[in-house]
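File shown: data.txt (compact mmCIF, C-alpha atoms).
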# COMPACT_ATOMS: atom_id res chain seq x y z
CA MET A 1 186.69 119.01 152.76
CA THR A 2 183.99 116.66 151.53
CA ILE A 3 180.62 118.30 151.11
CA HIS A 4 177.83 115.74 151.30
CA VAL A 5 175.43 117.53 148.97
CA GLU A 6 172.44 115.55 150.21
CA ASP A 7 172.82 117.24 153.62
CA TYR A 8 171.88 120.58 152.00
CA ILE A 9 169.65 119.91 148.98
CA GLU A 10 167.35 117.11 147.74
CA THR A 11 167.80 117.83 144.01
CA ALA A 12 170.67 119.25 141.94
CA PHE A 13 168.19 120.63 139.45
CA SER A 14 167.45 124.34 139.76
CA VAL A 15 169.29 127.63 140.12
CA ASP A 16 167.78 127.77 143.64
CA ASP A 17 169.46 124.44 144.48
CA ALA A 18 172.70 125.86 143.09
CA GLU A 19 172.55 128.98 145.26
CA ILE A 20 172.28 126.85 148.41
CA ILE A 21 175.27 124.63 147.62
CA LYS A 22 177.30 127.57 146.34
CA LYS A 23 177.25 129.11 149.83
CA VAL A 24 178.76 125.91 151.24
CA ILE A 25 181.39 125.85 148.50
CA GLU A 26 182.28 129.48 149.25
CA GLN A 27 182.98 128.59 152.89
CA THR A 28 185.22 125.70 151.83
CA ILE A 29 187.15 127.86 149.39
CA ALA A 30 187.52 130.58 152.03
CA ALA A 31 189.07 127.96 154.35
CA ASN A 32 191.50 127.13 151.51
CA ASP A 33 190.37 123.50 151.43
CA LYS A 34 190.00 121.21 148.41
CA VAL A 35 186.31 120.99 147.47
CA VAL A 36 185.08 117.39 147.21
CA LEU A 37 181.39 117.33 146.29
CA ASP A 38 179.73 114.00 147.05
CA PHE A 39 176.38 113.69 145.26
CA THR A 40 175.50 110.26 146.64
CA GLY A 41 171.73 110.10 147.23
CA ILE A 42 170.86 112.81 144.70
CA THR A 43 168.92 111.59 141.67
CA PHE A 44 167.76 114.71 139.78
CA PHE A 45 170.45 116.71 137.95
CA THR A 46 170.68 119.39 135.29
CA THR A 47 173.57 121.02 133.49
CA LEU A 48 171.97 124.28 134.61
CA PHE A 49 172.59 123.34 138.27
CA PHE A 50 176.25 122.46 137.70
CA SER A 51 176.87 125.61 135.66
CA SER A 52 175.35 127.80 138.38
CA ALA A 53 176.92 126.08 141.41
CA VAL A 54 180.09 124.27 140.44
CA THR A 55 181.70 124.95 137.06
CA TYR A 56 180.99 128.63 137.66
CA TYR A 57 184.34 128.42 139.49
CA VAL A 58 186.17 127.72 136.22
CA PHE A 59 185.63 131.45 135.57
CA GLU A 60 186.42 132.49 139.13
CA LEU A 61 189.60 130.45 139.57
CA GLY A 62 190.72 129.58 136.04
CA ALA A 63 190.50 126.11 134.49
CA GLU A 64 193.80 124.80 135.88
CA LYS A 65 193.15 125.85 139.47
CA TYR A 66 189.56 124.56 139.20
CA ASP A 67 190.88 121.10 138.27
CA GLN A 68 193.23 121.12 141.28
CA LYS A 69 190.62 122.44 143.69
CA PHE A 70 187.42 120.56 142.74
CA GLN A 71 186.51 116.90 142.76
CA VAL A 72 183.01 115.59 142.10
CA VAL A 73 181.98 112.06 143.18
CA GLY A 74 178.86 109.95 143.66
CA LEU A 75 177.06 110.99 140.48
CA THR A 76 174.49 108.89 138.65
CA LYS A 77 174.99 108.34 134.91
CA VAL A 78 172.63 111.25 134.12
CA GLY A 79 174.41 113.41 136.69
CA GLN A 80 177.86 112.58 135.29
CA THR A 81 176.78 113.52 131.76
CA ALA A 82 175.26 116.79 132.98
CA TYR A 83 178.42 117.63 134.94
CA ASN A 84 180.74 116.78 132.03
CA HIS A 85 178.78 119.02 129.68
CA SER A 86 178.70 121.83 132.18
CA LEU A 87 182.48 121.59 132.52
CA ASP A 88 182.92 121.58 128.73
CA PHE A 89 180.72 124.70 128.42
CA ALA A 90 182.69 126.49 131.12
CA ARG A 91 186.06 125.61 129.57
CA GLU A 92 184.87 126.77 126.12
CA GLU A 93 183.35 129.95 127.50
CA SER A 94 186.43 130.81 129.55
CA GLN A 95 188.48 130.83 126.33
CA LEU A 96 186.29 133.47 124.66
CA THR A 97 187.32 137.09 124.27
CA PRO A 98 184.95 139.77 125.65
CA GLU A 99 183.84 140.51 122.08
CA GLN A 100 183.07 136.83 121.44
CA LYS A 101 181.13 136.63 124.72
CA GLN A 102 179.08 139.64 123.64
CA ALA A 103 178.41 138.11 120.21
CA ARG A 104 177.36 134.83 121.80
CA LEU A 105 175.06 136.63 124.26
CA ALA A 106 173.40 138.52 121.40
CA ALA A 107 172.88 135.21 119.55
CA ILE A 108 171.35 133.59 122.64
CA ASN A 109 169.02 136.54 123.27
CA SER A 110 167.91 136.53 119.66
CA ALA A 111 167.38 132.74 119.57
CA PHE A 112 165.23 132.78 122.74
CA ASP A 113 163.24 135.78 121.49
CA GLU A 114 162.13 133.62 118.56
CA GLU A 115 160.65 130.93 120.83
CA MET B 1 143.57 132.53 132.12
CA ALA B 2 147.11 131.83 133.30
CA GLN B 3 148.12 131.39 136.93
CA ASN B 4 151.43 131.94 138.72
CA LEU B 5 153.92 129.10 139.16
CA GLN B 6 153.48 129.42 142.93
CA ASP B 7 149.83 128.36 142.56
CA ILE B 8 150.47 124.90 141.07
CA PRO B 9 148.12 122.43 142.81
CA GLU B 10 149.51 119.75 145.11
CA SER B 11 148.19 116.75 143.19
CA GLY B 12 147.60 115.57 139.63
CA ASP B 13 149.82 115.04 136.62
CA ILE B 14 151.22 118.16 134.95
CA PHE B 15 152.01 118.73 131.28
CA ILE B 16 155.38 120.44 130.70
CA ASP B 17 155.56 122.36 127.43
CA THR B 18 158.52 122.35 125.04
CA ASN B 19 159.62 125.91 125.83
CA VAL B 20 159.95 125.06 129.54
CA LEU B 21 161.95 121.90 128.73
CA VAL B 22 164.31 124.03 126.64
CA TYR B 23 164.88 126.38 129.60
CA LEU B 24 165.60 123.41 131.88
CA HIS B 25 167.61 121.08 129.69
CA GLY B 26 169.03 123.31 126.94
CA ARG B 27 172.24 125.23 127.23
CA PRO B 28 172.34 127.14 130.57
CA LEU B 29 171.80 130.86 130.00
CA PRO B 30 174.33 133.34 131.37
CA PRO B 31 172.85 135.58 134.13
CA GLU B 32 173.04 138.59 131.80
CA ALA B 33 170.77 136.90 129.20
CA LYS B 34 167.33 138.50 128.75
CA LYS B 35 165.43 135.31 129.60
CA TYR B 36 167.64 134.22 132.52
CA ASN B 37 164.91 134.99 135.09
CA LYS B 38 162.57 132.60 133.30
CA GLN B 39 165.18 129.85 133.52
CA VAL B 40 165.52 130.48 137.27
CA ALA B 41 161.74 130.47 137.84
CA TYR B 42 160.91 127.40 135.75
CA SER B 43 163.81 125.39 137.21
CA ALA B 44 162.61 126.21 140.74
CA ALA B 45 159.03 125.17 139.93
CA ILE B 46 159.94 121.89 138.21
CA GLY B 47 162.59 121.06 140.84
CA SER B 48 159.94 121.46 143.54
CA LEU B 49 157.52 119.16 141.67
CA LEU B 50 160.22 116.50 141.28
CA ARG B 51 161.04 116.65 145.00
CA ASN B 52 157.33 116.07 145.66
CA LYS B 53 157.37 113.03 143.35
CA ARG B 54 154.85 114.51 140.94
CA THR B 55 154.35 113.01 137.49
CA LEU B 56 155.56 115.43 134.83
CA VAL B 57 154.14 114.69 131.40
CA THR B 58 155.54 115.48 127.99
CA THR B 59 155.15 113.90 124.56
CA TRP B 60 157.54 112.37 122.03
CA LEU B 61 156.56 115.18 119.67
CA GLY B 62 157.59 117.66 122.39
CA VAL B 63 160.91 115.86 122.80
CA MET B 64 161.51 116.18 119.05
CA GLU B 65 160.77 119.90 119.32
CA VAL B 66 163.27 120.31 122.18
CA LEU B 67 166.01 118.59 120.15
CA HIS B 68 165.17 120.67 117.09
CA VAL B 69 165.23 123.95 119.05
CA HIS B 70 168.50 123.03 120.76
CA GLU B 71 170.17 122.19 117.47
CA ARG B 72 169.11 125.62 116.19
CA HIS B 73 170.43 127.33 119.33
CA MET B 74 173.79 125.60 118.92
CA PHE B 75 173.90 126.68 115.28
CA GLU B 76 173.16 130.30 116.21
CA GLU B 77 175.86 130.27 118.89
CA TYR B 78 178.38 128.67 116.53
CA LYS B 79 177.60 131.22 113.83
CA SER B 80 178.00 134.10 116.27
CA LEU B 81 181.56 132.95 117.01
CA SER B 82 182.41 132.06 113.43
CA THR B 83 183.93 134.28 110.75
CA GLN B 84 181.55 132.61 108.24
CA HIS B 85 178.64 135.02 108.71
CA SER B 86 176.71 133.58 105.77
CA LEU B 87 176.90 130.03 107.15
CA SER B 88 173.62 128.21 106.58
CA ARG B 89 172.14 125.44 108.72
CA LYS B 90 172.69 123.04 105.86
CA ASP B 91 176.40 123.96 105.87
CA TYR B 92 176.48 123.60 109.64
CA ARG B 93 174.99 120.11 109.43
CA ARG B 94 177.79 119.09 107.06
CA ASN B 95 180.46 120.07 109.63
CA LEU B 96 181.29 116.66 111.10
CA GLU B 97 183.11 118.01 114.16
CA GLU B 98 180.17 120.22 115.07
CA ARG B 99 177.73 117.41 114.30
CA ALA B 100 179.51 115.26 116.90
CA ARG B 101 179.24 118.11 119.45
CA VAL B 102 175.55 118.53 118.74
CA GLN B 103 175.02 114.79 118.99
CA ALA B 104 176.65 114.69 122.45
CA GLU B 105 174.34 117.49 123.62
CA LEU B 106 171.23 115.86 122.16
CA LYS B 107 172.16 112.60 123.90
CA ARG B 108 172.49 114.44 127.22
CA ILE B 109 169.14 116.20 126.79
CA LEU B 110 167.38 112.99 125.77
CA ARG B 111 168.87 111.15 128.75
CA GLU B 112 167.65 113.85 131.18
CA ILE B 113 164.15 114.02 129.71
CA LYS B 114 163.77 110.23 129.67
CA ALA B 115 164.87 110.08 133.30
CA TYR B 116 162.54 112.74 134.71
CA TYR B 117 159.36 112.84 132.61
CA LEU B 118 156.53 110.55 131.58
CA ILE B 119 156.69 110.73 127.79
CA ILE B 120 153.39 109.89 126.15
CA PRO B 121 152.86 109.09 122.47
CA THR B 122 151.21 111.55 120.12
CA ASP B 123 149.09 110.68 117.15
CA PRO B 124 149.64 113.05 114.23
CA ALA B 125 147.26 111.02 112.08
CA GLU B 126 144.27 112.02 109.99
CA THR B 127 141.67 112.43 112.75
CA PRO B 128 143.62 114.85 115.02
CA ILE B 129 144.84 116.84 112.01
CA ASP B 130 141.26 117.14 110.75
CA GLN B 131 140.26 118.28 114.26
CA PHE B 132 143.04 120.87 114.27
CA VAL B 133 141.82 122.38 111.01
CA ASN B 134 138.08 122.10 111.76
CA THR B 135 138.43 123.77 115.18
CA TYR B 136 141.08 126.27 114.07
CA THR B 137 139.04 129.39 114.91
CA ASN B 138 138.23 128.04 118.40
CA HIS B 139 141.85 127.79 119.64
CA LYS B 140 145.23 129.51 119.28
CA TYR B 141 147.45 126.43 118.91
CA ASP B 142 149.93 125.58 116.20
CA PRO B 143 149.55 122.01 114.83
CA ASN B 144 152.18 120.47 117.12
CA ASP B 145 150.83 122.11 120.28
CA PHE B 146 147.29 121.04 119.33
CA ILE B 147 148.27 117.41 118.89
CA MET B 148 150.40 117.37 122.08
CA ILE B 149 147.58 118.84 124.18
CA GLU B 150 145.02 116.46 122.66
CA SER B 151 147.23 113.56 123.74
CA ALA B 152 147.83 114.98 127.23
CA THR B 153 144.18 115.81 127.94
CA ASN B 154 143.14 112.37 126.65
CA CYS B 155 145.42 110.97 129.39
CA GLY B 156 143.56 113.03 132.00
CA VAL B 157 146.02 115.91 132.35
CA LYS B 158 144.33 119.12 133.51
CA ASP B 159 147.31 121.34 134.38
CA ALA B 160 150.12 122.64 132.17
CA ILE B 161 153.28 124.64 132.70
CA THR B 162 154.15 126.67 129.63
CA ASP B 163 155.71 129.93 128.52
CA ASP B 164 153.38 130.05 125.53
CA SER B 165 150.35 132.36 125.73
CA ASP B 166 148.65 130.30 122.98
CA PHE B 167 147.65 127.85 125.74
CA HIS B 168 145.73 130.44 127.78
CA SER B 169 142.43 130.16 125.91
CA ASP B 170 142.15 126.37 126.34
CA THR B 171 139.33 125.87 128.86
CA ARG B 172 140.29 122.20 129.42
CA LEU B 173 143.52 123.28 131.08
CA THR B 174 144.72 125.40 133.95
CA VAL B 175 147.92 126.99 132.72
CA TYR B 176 150.79 128.03 134.99
CA THR B 177 153.42 130.42 133.72
CA TYR B 178 156.17 132.85 134.77
Reformat the file's structure so that it appears as structure tokens.
Amino acid sequence: MTIHVEDYIETAFSVDDAEIIKKVIEQTIAANDKVVLDFTGITFFTTLFFSSAVTYYVFELGAEKYDQKFQVVGLTKVGQTAYNHSLDFAREESQLTPEQKQARLAAINSAFDEE
Amino acid sequence: MAQNLQDIPESGDIFIDTNVLVYLHGRPLPPEAKKYNKQVAYSAAIGSLLRNKRTLVTTWLGVMEVLHVHERHMFEEYKSLSTQHSLSRKDYRRNLEERARVQAELKRILREIKAYYLIIPTDPAETPIDQFVNTYTNHKYDPNDFIMIESATNCGVKDAITDDSDFHSDTRLTVYTY
């Protein structure tokens, strides 16, 4: 099923935007359909949005099944870069052991505490 | 005195501080991270301003700070997953494979910031640096913040979104924070 993202959100920018589109994705997955996300008309993107709404499913489904199930179209150049990076992060993160994830989380918490 | 993000006025240009840009355009935090709620709140506020076609202002000095902070975050993450616990940032910068990864991320961040924000020049020349030192006891800024805010207020900016309490005592600005 093709989800025309613009029908649900004006920007693909925030975690709030992600939560809205994630509900639509959930319905599509529950119906066992392929998820085609068409971002035509959207001009504001962040990696944060894609990580929260879309590539989150790399963890849920596994990288191979994600690639079979998801297709993303209609992105601007900025949007495509943000999506590609989000997918790279998710693939890297999904390869980590629980101990590595914990170590990474501790490093992130410490780095942001210094800001 | 700082105000809530929900109270941002409906008109006027808004200065976006480096720490907020890092939350929005840096590496996404996992939900279990301590500062995740800040990332959620700042992304909602800035997303709303963009939908309302507001002008979001930052400075080239601020952009440099974002890139510098992100490079450090990538180093800390890399070190946490590495067996080389004594790895220094100088060593990290000599790792060509990692340098290419960092470069790709910095390109992405720069592309996003250029696309969404009005980036104004800063002038770290003699006069503003003299002002920073001469007025040091009247403000709480570090040199970079001082110069960035001088540039923004000279452009007529009166509102700022920041996670930095150093901004709160500046009477020229209304500060909005999480």
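Our summary of the geometry notes that CA of Glu32 in chain B is positioned 12.7 Å from CA of Ala107 in chain A.
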(message) Residues within 12 Å of Ile161 in chain B, please, as number ranges by chain. Count all atoms listed in the file; anything in the same chain fewer than 6 positions from it doesn't count.
(response) B: 2-9, 13-21, 41-43, 45-46, 49, 56-58, 149, 167-168, 173-178
Go through chain A and flag each residue having an atom no more than 6 Å from chain B; for those, report the closest pair of atoms plus their distance in Å to one decimal, using only C-alpha atoms, ordered by chain and rising number, as a tab-separated table.
residue	atom	partner	partner_atom	distance
A:Phe13	CA	B:Gly47	CA	5.8
A:Ser14	CA	B:Ser43	CA	4.6
A:Val15	CA	B:Val40	CA	5.5
A:Leu48	CA	B:Pro28	CA	5.0
A:Ala103	CA	B:Ser80	CA	5.6
A:Arg104	CA	B:Glu77	CA	5.6
A:Ala107	CA	B:Glu77	CA	5.8
(request) One decimal, Å: what's the distance from CA of Asp166 in chain B over to CA of Asp142 in chain B, could you say? (result)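 Calculated distance between CA of Asp166 in chain B and CA of Asp142 in chain B is 8.4 Å.
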(message) Applying 12 Å and all atoms listed in the file, which residues near Pro128 in chain B remain after dropping the ones on its own chain fewer than 2 positions away? List them as a VMD selection string.
(response) chain B and resid 122 to 126 130 to 136 143 to 151 154
With C-alpha atoms retained, write the just-selected residues as a PDB file, in the coordinates of the input.
ATOM      1  CA  THR B 122     151.210 111.550 120.120  1.00  0.00           C
ATOM      2  CA  ASP B 123     149.090 110.680 117.150  1.00  0.00           C
ATOM      3  CA  PRO B 124     149.640 113.050 114.230  1.00  0.00           C
ATOM      4  CA  ALA B 125     147.260 111.020 112.080  1.00  0.00           C
ATOM      5  CA  GLU B 126     144.270 112.020 109.990  1.00  0.00           C
ATOM      6  CA  ASP B 130     141.260 117.140 110.750  1.00  0.00           C
ATOM      7  CA  GLN B 131     140.260 118.280 114.260  1.00  0.00           C
ATOM      8  CA  PHE B 132     143.040 120.870 114.270  1.00  0.00           C
ATOM      9  CA  VAL B 133     141.820 122.380 111.010  1.00  0.00           C
ATOM     10  CA  ASN B 134     138.080 122.100 111.760  1.00  0.00           C
ATOM     11  CA  THR B 135     138.430 123.770 115.180  1.00  0.00           C
ATOM     12  CA  TYR B 136     141.080 126.270 114.070  1.00  0.00           C
ATOM     13  CA  PRO B 143     149.550 122.010 114.830  1.00  0.00           C
ATOM     14  CA  ASN B 144     152.180 120.470 117.120  1.00  0.00           C
ATOM     15  CA  ASP B 145     150.830 122.110 120.280  1.00  0.00           C
ATOM     16  CA  PHE B 146     147.290 121.040 119.330  1.00  0.00           C
ATOM     17  CA  ILE B 147     148.270 117.410 118.890  1.00  0.00           C
ATOM     18  CA  MET B 148     150.400 117.370 122.080  1.00  0.00           C
ATOM     19  CA  ILE B 149     147.580 118.840 124.180  1.00  0.00           C
ATOM     20  CA  GLU B 150     145.020 116.460 122.660  1.00  0.00           C
ATOM     21  CA  SER B 151     147.230 113.560 123.740  1.00  0.00           C
ATOM     22  CA  ASN B 154     143.140 112.370 126.650  1.00  0.00           C
TER      23      ASN B 154
END
(message) For a quick check of understanding, using only C-alpha atoms, which of B:Ile120, B:Leu87, B:Leu110, B:Val102 has the smallest distance to Met64 in chain B?
(response)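 Among the listed residues, B:Leu110 lies closest to Met64 in chain B.
CA of Thr47 in chain A to CA of Ser86 in chain A spans 5.4 Å [interatomic distance, one decimal].
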(request) Write out as a list in words each polymer residue whose atoms come within 7 Å of range 52-69 of chain A, counting only C-alpha atoms; drop sequence neighbours fewer than 5 positions from it. (result) Val15, Ala18, Glu19, Ile21, Lys22, Lys34, Val35, Ser86, Leu87, Ala90, Arg91 and Ser94 of chain A
